[in-house]
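Asker: For reference, the structure I am asking about is given below.
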Amino acid sequence: MRGNLPNPRFGGGWNRRTIEEHLADGTYRPDRHGPLTPTTLGLKKPPGRIVATVKAQKQWVRNASDEHAIRNGCRFNESLAEYVCDFFPKFLYHSKGEWAHQPFELTEWQRRAIVYPLFGWVRADGTRRFRRTYIEIPKKNYKSTLASGVGLYMLVGDEENGAEIWSTGADKDQAKVVHNEAIHMVEGSPELRTVLKVNHTTGNILYKATNSYYRAVAASPRGKHGPSLHCVIADELHEWYGDELWNSIRYAFRARRQPLLFVITNAGADLQSICYRQHEKAEAILSGAIVDDNFFAMICAVPREEAEAEIEAVRAGATVLPVATRCNPGLGHVIREPDLVHDIRDAIQTPSELPNLLRLTYGVWHTGVTPWLQSTDWDRCYEEFTEENLRDIPCSAGLDLSRTKDMTALVLVFRDPDILARYRQLAWFWMPEKTIQERQHLIDYATWVKSGHLRIGGEKTIELPLVEREITEIFSRFCVQRLAFDPMYLNEEHLNEMFNDVEVIKFPQTMMQFAGPTAEYERLIIAGDLRHNGNPVLTWQAGHCTIKVNANKDKRPIKPEHGDIRSIDGIVAGVMALRLEMTEGQAVSAYETQSLLYVDDILGGAEPELGEEDTALEADGVYA
């Protein structure tokens, strides 16, 4: 008989009151009445396994991967999906805005497009089908709020013992966006306050019932290789540099039966980033090009042409946004349409804001702070050619030399002897070994070194004699006629001695000097007449190079922002070399008439002074 009695450790007897009754009366004590779980709080997780006909699953099939999953024994468990959806309003409360202190009722699109399919699909053994997600949604659609709720469900509702949950971001502040919202949800929930303990010093959320925790972790790879993770909330993946932390996270799930890497992000601008690689995979899954049973893909975006057409319609007076509605599922609920119309009109009045509008409102990838080279135009300029194809063609060179730690670039530009309006460019890059090692976790330089597209230019800094020897060897293979260089870092007399068969020409890094060839470089890329052979370093730089525009609408290439480690040296060197080829061939476009007289003065020996604005930018390294 004793074995059938209630556990005396938690008190009571045959008439013992339930935990729910103690909670209602405010008399609950975990040391007397036992730990709280979703089950004791009124939710009972259904078993994962389900026996259902293939025909019954058809309503949940949305792509080729779903069809493949069914053939592999996966099924959709509606009871399990509904259990997760019920967790949100029962235990979670909004902490800000007009819904503050109200239960977190999932919107219809959150339920049907994300939570239901993500948690409803199960494998033959009853475990969750999806182990990774890529969810790309424009800004202000409550991405972070949903991610916070998913993190808390994985901590409390998934019934995983010793679960380790992380919120990660590009830096400490970004990692805390989702995590702090989770803390606010805990503190605002009468039920979760009794279940979870928040350490306000470390930010950890502890769930004693299963000895699990939820914490914020910044995107730095050091010390991140030991945990056995059950869930990672990767917020705003488009802002991450490098992929070392990403790789560490992926291999930290192996000890779990049904882990979840939950990625939710805006569209980004860097086509070489880990985020864009996930975006490409998600697109391939949605289109049926590849099949992956483990990967949940969702992308809310529209073609650039449609987005730009709607922006022009707003410029003309339109007040309805059918295109934005297609890619903003929260429009009309979280986002008010009149407010979005106002944002579009504001961006129209401030052209530098248009790229951000396209990316953050319409999901259009690859738009810099100031729009310049578009990926579609750059890709159209790709041509399969080798050094052998260009050896006998006269060319001009541009050399952008770094001061110490950054990248040095040499670019040769060749005019097509048959089509004079067409050019080809070849690029070489150098970087100190120490810089490569220090930044490898941010950018995969090692792959470029291995492929020969990036050379070691010294141990700790750029060693000029080493780079000069390699440039001399490169020049020996081509018919280099002229070399443009920045006189701030190189000596003309020294270069004349080294390259005695090449005319060396000073190219001060000023707006006036860059205006004509920068405009021509852009025109040629758009026209498909400045060909490249797919050099990955040059393509990477073209993807994030922005421009500075002065009051006269002159342009020159600059880095994305001061302090950004992404370089543009190859683009700068290419513009310098193109200027010499333009002058040599006397094929001057209307874009460059404003600066032609000045360049001719340089070729004749005159040398300008840096303007005040140019001097300040040089000092900040913006042009480097």
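Ligands are numbered from 1 in the order shown, chains are lettered A, B, ... in the order of the structure tokens, and residues start at 1 in each chain.
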Determine, counting only C-alpha atoms, which protein, DNA and RNA residues have an atom within 9 Å of an atom of region 377-391 of chain A; residues of the same chain fewer than 4 positions away are not included. Present the result as a PyMOL selection string.
Answerer: chain A and resi 373+395+414+424+426+477-479+525-534+539+542-543
Asker: Using only C-alpha atoms, can you tell me which of A:Leu106, A:Ile419, A:Ala56, A:Ile249 comes closest to Thr168 (chain A)?
Answerer: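 When distances to Thr168 (chain A) are compared using only C-alpha atoms, the smallest one comes from A:Ile249.
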Asker: Here is a test: counting only C-alpha atoms, which residue of A:Arg315, A:Arg566, A:Arg415, A:Arg556 is nearest to Met582 (chain A)?
Answerer: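 Among the listed residues, A:Arg415 lies closest to Met582 (chain A).
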Asker: Looking only at the backbone, which of the residues in region 193-255 of chain A does DSSP tag as alpha helix (DSSP H), as a ChimeraX atom specification?
Answerer: /A:193-195,244-250
Asker: May I have the selected residues written with C-alpha atoms, as a CSV table (one decimal), in the first residue's frame?
Answerer:
```csv
chain,number,residue,atom,x,y,z
A,193,ARG,CA,8.0,33.1,-12.9
A,194,THR,CA,7.3,30.1,-10.7
A,195,VAL,CA,9.2,27.8,-13.1
A,244,GLU,CA,33.7,29.8,-37.5
A,245,LEU,CA,31.1,30.2,-34.8
A,246,TRP,CA,28.5,28.8,-37.3
A,247,ASN,CA,30.6,25.7,-37.8
A,248,SER,CA,31.1,25.3,-34.0
A,249,ILE,CA,27.4,25.5,-33.4
A,250,ARG,CA,26.5,23.0,-36.1
```
